[in-house]
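Asker: Have a look at the structure that comes next, please.
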Amino acid sequence: MKRANGSSTVLGTLVILGGGAPAWIKMLEQAGWACHRCYDLRAAESLLLEVGPCIGVVDLTRDEFSLQGVAGLVNRNKQVRWLALVHERQLDHDVICQFILNFCIDYFTDPVPESQLLDTIGHQRGMLQLERRVWPQLGVFGQSGLQGEQAAMKSLRHHVKRIAMTELPVLVQGEIGTGKELVARAIHQASTRGREAFVCVNCESLTESWMVDVGAENQPKCSLQAADGGVLFLDEITHLDLARQQDLVRFLRDESLTTETGRRVSADIRLMVSTRYTQDELLASGLLCEELYYRLSAFGITVPTLRERGEDIVLLAEFFMLKFARQYNSPVKKLSPEAGQLLMNYSWPGNVREMIGHIKRAILLSDDKILDVEHLDLPRTMDDKQSLKEIRSDSERGAILAVLENNKGQISAAARELGISRATMYRLLNKHDLVPPPKHLRQDR
C-alpha cells in the first residue's frame with residue numbers, strides 16, 4: 001500500500017468490525033494504514049489470528065452484530081488494542097458503556113473527528129511498538145518442538161494460537177514424550193499472560209498442602225501465589241488423588257481456596273494440565289473425577305505422536321542437533337541423508353523425549369561435522385527382531401545415560417533436565433541397573 005506522499009511504508013494494520021464506508025477509513029488508508037473490513041465475526045477471528053497484535057475498531061453505530069458476539073471475539077483477542085465507535089445516544093445504555101469500559105482503550109462518537117482519530121491511532125501504534133520491544137512474544141509462539149509442515153503440526157499450531165487468546169483452563173493430552181509441556185509453554189508464550197510466571201509442577205511429587213503452603217527446604221512445593229498472574233501447569237494430572245482433585249474443582253469454581261487453618265487464599269491463574277490418557281481412559285478408569293474433567297476439557301488439545309509427523313521428523317532432529325551442538329560446543333553442523341532416513345524409519349515409541357535423548361547422546365559422542373548413522377543408537381531396520389518393549393527400554397536407558405553424562409553424574413540435576421522427580425529418577429536407575437557404587441558416581445544430596 002502506498003502512502004499519499006508516495007512512500008511504500010505501511011504504518012500498521014487496522015481491523016474494522018462492521019460499519020459502512022465512512023470517509024475516515026479512506027483518510028487512514030491515505031495516511032498509510034492497511035485497513036481490513038470485516039462483516040463476519042468468524043472471518044474476523046481468522047484474520048486476527050493471522051495478523052497478531054494490531055489496532056481494532058468496533059463500529060457499533062449500525063447494530064450489525066450482537067453485542068454478546070462482539071464481546072466474545074474482543075475478549076478472546078486481547079492482543080488487539082480496541083477502539084469503539086458509537087452514536088452519542090448509545091452512551092445512555094449501560095450495556096454499551098460497560099462494553100467500552102471492559103474491552104476498549106478509547107471510544108469516539110459519530111461523526112468521527114478525523115484528526116483526533118488519526119492522533120489516537122498513531123499513539124496506539126507507538127504503544128504497540130513499545131509492547132513489542134519489551135514483550136516480543138505476544139501473539140506468537142515459540143517454535144521449539146512445534147516445527148513442521150505436515151497436517152498434524154499445522155493443526156496443532158492453529159489450535160495453540162486459538163487457545164492462547166482465551167483465559168479458560170487447558171487440557172493437553174498425548175503419549176509420553178510427545179512434548180505436552182512444550183505445547184503448554186507455547187500457549188502461555190502467545191497469550192496475554194506471557195510476561196508472567198509459568199509454574200510447572202510434577203503431580204507425582206506433590207504434598208497434601210501443595211496448593212497453598214510452602215513446603216520445608218528441599219521438599220516439593222507449589223504455591224498458588226507463585227503462579228499469580230500467570231500459568232500453573234500440572235504435569236500428569238492423574239497422579240493427584242481424589243482429595244487434591246476436589247481442591248482443584250473448588251479453586252476453578254470459586255477462584256480461591258480455604259486452608260485447613262481457615263486462611264482464604266486466592267490467585268489469578270490460568271490452569272493448564274497434561275495427561276497421557278485419552279478421554280475414554282480418563283472417564284472409564286476413574287483416574288480423573290468427572291467434574292474436574294469437564295471443567296478442564298473445554299479447551300482440549302492433543303499433541304501428535306512423532307510417528308505421525310512424517311518428513312517433519314528430520315526437520316525436528318536437525319533443530320535439536322543444532323541446539324545441542326551449540327550447547328555442548330560440538331563441531332556437528334549437518335545430518336547425513338542416511339541418518340535422516342534412519343530417523344524416518346524408526347517408530348519412536350518414546351516420541352520427542354526419546355529423540356532428544358538420542359540426539360544429545362549422538363552430539364556428545366561425535367567429533368565430526370556430520371552426524372551419521374553410526375552416531376545414532378538406533379536399529380538400522382525394523383527387522384532387528386526387537387519387541388516394542390525392548391525398543392522402549394533401550395531408548396529409555398540411552399536417554400538416561402546421555403542426561404547423566406551431560407550432568408556429570410549428578411542425579412538431581414539429571415532429574416530436573418528430564419522433568420521428573422528425584423524419586424522417579426532413582427526408580428529408573430534401578431530399573432536399568434544404572435545405580436553405581438558411591439565411589440564411581442556420587443549421589444548428590
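Chains: A, B, ... in order of the C-alpha cells. Residues: from 1 per chain. Ligands: from 1, in order shown.
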Can I get the residues of segment 279-332 of chain A within 6 Å of segment 173-189 of chain A, each with the closest pair of atoms and their distance in Å to one decimal, using only C-alpha atoms, sorted chain first then ascending number, as JSON lines?

Answerer:
```
{"residue": "A:Thr302", "atom": "CA", "partner": "A:Gln173", "partner_atom": "CA", "distance": 4.7}
{"residue": "A:Val303", "atom": "CA", "partner": "A:Gly174", "partner_atom": "CA", "distance": 5.0}
{"residue": "A:Thr305", "atom": "CA", "partner": "A:Thr178", "partner_atom": "CA", "distance": 5.7}
```

Asker: Could you take the residues named above and write them with C-alpha atoms, as a PDB file, in the first residue's frame?

Answerer:
```
ATOM      1  CA  THR A 302      -3.937 -33.425  21.608  1.00  0.00           C
ATOM      2  CA  VAL A 303      -0.243 -33.459  20.763  1.00  0.00           C
ATOM      3  CA  THR A 305       2.981 -38.603  18.187  1.00  0.00           C
TER       4      THR A 305
END
```

Asker: Would you pick out the contacts of Phe324 of chain A at 7 Å or less, using only C-alpha atoms, so that residues sharing its chain but fewer than 4 positions from it are not included, and give the list as a PyMOL selection string?

Answerer: chain A and resi 320+328+360+363

Asker: For a test of reading the model, state the distance in Å between atom CA of Asp235 of chain A and atom CA of Ala284 of chain A, rounded to one decimal.

Answerer: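 Computed distance, atom CA of Asp235 of chain A to atom CA of Ala284 of chain A, equals 20.5 Å.
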
Asker: If you run DSSP on the backbone here, which positions in segment 109-342 of chain A get alpha helix (DSSP H)? Please write them as a PyMOL selection string.

Answerer: chain A and resi 114-134+151-164+180-190+242-254+279-285+290-296+312-327+337-342

Asker: Return as a PyMOL selection string the full set of residues in segment 4-84 of chain A whose backbone-based DSSP assignment is strand (DSSP E).

Answerer: chain A and resi 12-17+33-38+54-59+80-84

Asker: Using only C-alpha atoms, please write the residues we just selected to a file, as a compact mmCIF listing (two decimals), in the first residue's frame.

Answerer:
```txt
# COMPACT_ATOMS: atom_id res chain seq x y z
CA GLY A 12 0.34 -0.62 10.65
CA THR A 13 -2.72 -2.83 10.45
CA LEU A 14 -6.21 -1.69 11.38
CA VAL A 15 -9.07 -4.21 11.64
CA ILE A 16 -12.56 -2.72 11.50
CA LEU A 17 -15.62 -4.70 12.61
CA TRP A 33 -2.67 2.32 7.30
CA ALA A 34 -3.62 -1.13 5.98
CA CYS A 35 -7.36 -1.25 6.75
CA HIS A 36 -9.23 -4.57 6.79
CA ARG A 37 -13.05 -4.55 6.88
CA CYS A 38 -14.86 -7.49 8.48
CA CYS A 54 -2.78 -4.68 15.94
CA ILE A 55 -5.39 -1.93 16.41
CA GLY A 56 -9.08 -2.74 16.04
CA VAL A 57 -12.17 -0.58 15.68
CA VAL A 58 -15.59 -1.89 16.71
CA ASP A 59 -18.26 0.10 14.85
CA VAL A 80 -5.57 -6.21 19.85
CA ARG A 81 -5.92 -2.63 21.13
CA TRP A 82 -9.62 -1.95 20.62
CA LEU A 83 -11.38 1.36 19.92
CA ALA A 84 -15.19 1.74 19.83
```

Asker: Atom CA of Lys78 of chain A and atom CA of Gly194 of chain A are how many Å apart?

Answerer: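 Spanning atom CA of Lys78 of chain A to atom CA of Gly194 of chain A is a straight-line distance of 11.9 Å.
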
Asker: Atom CA of Leu292 of chain A to atom CA of Val160 of chain A: how many Å, to one decimal?

Answerer: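 We find that atom CA of Leu292 of chain A and atom CA of Val160 of chain A lie 21.8 Å from each other.
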
Asker: With a distance cut-off of 12 Å and only C-alpha atoms, select the neighbouring residues of segment 107-116 of chain A, excluding the residue or stretch itself and same-chain residues fewer than 4 positions from it, and output the selection as a PyMOL selection string.

Answerer: chain A and resi 19+22-28+31+56-62+81-91+96-97+99-103+120-123

Asker: Name the closest residue to Arg125 of chain A among the candidates A:Leu287, A:Leu11, A:Leu224, A:Met355; distances are taken between atoms, counting only C-alpha atoms.

Answerer: A:Leu11

Asker: Please determine, counting only C-alpha atoms, which residue among A:Arg416, A:His375, A:Arg309, A:Arg276 has the shortest atom-to-atom distance to Glu149 of chain A.

Answerer: A:Arg309

Asker: Residues within 8 Å of Glu204 of chain A, please, as number ranges by chain. Count only C-alpha atoms; anything in the same chain fewer than 2 positions from it doesn't count.

Answerer: A: 202, 206, 236, 239-240, 421
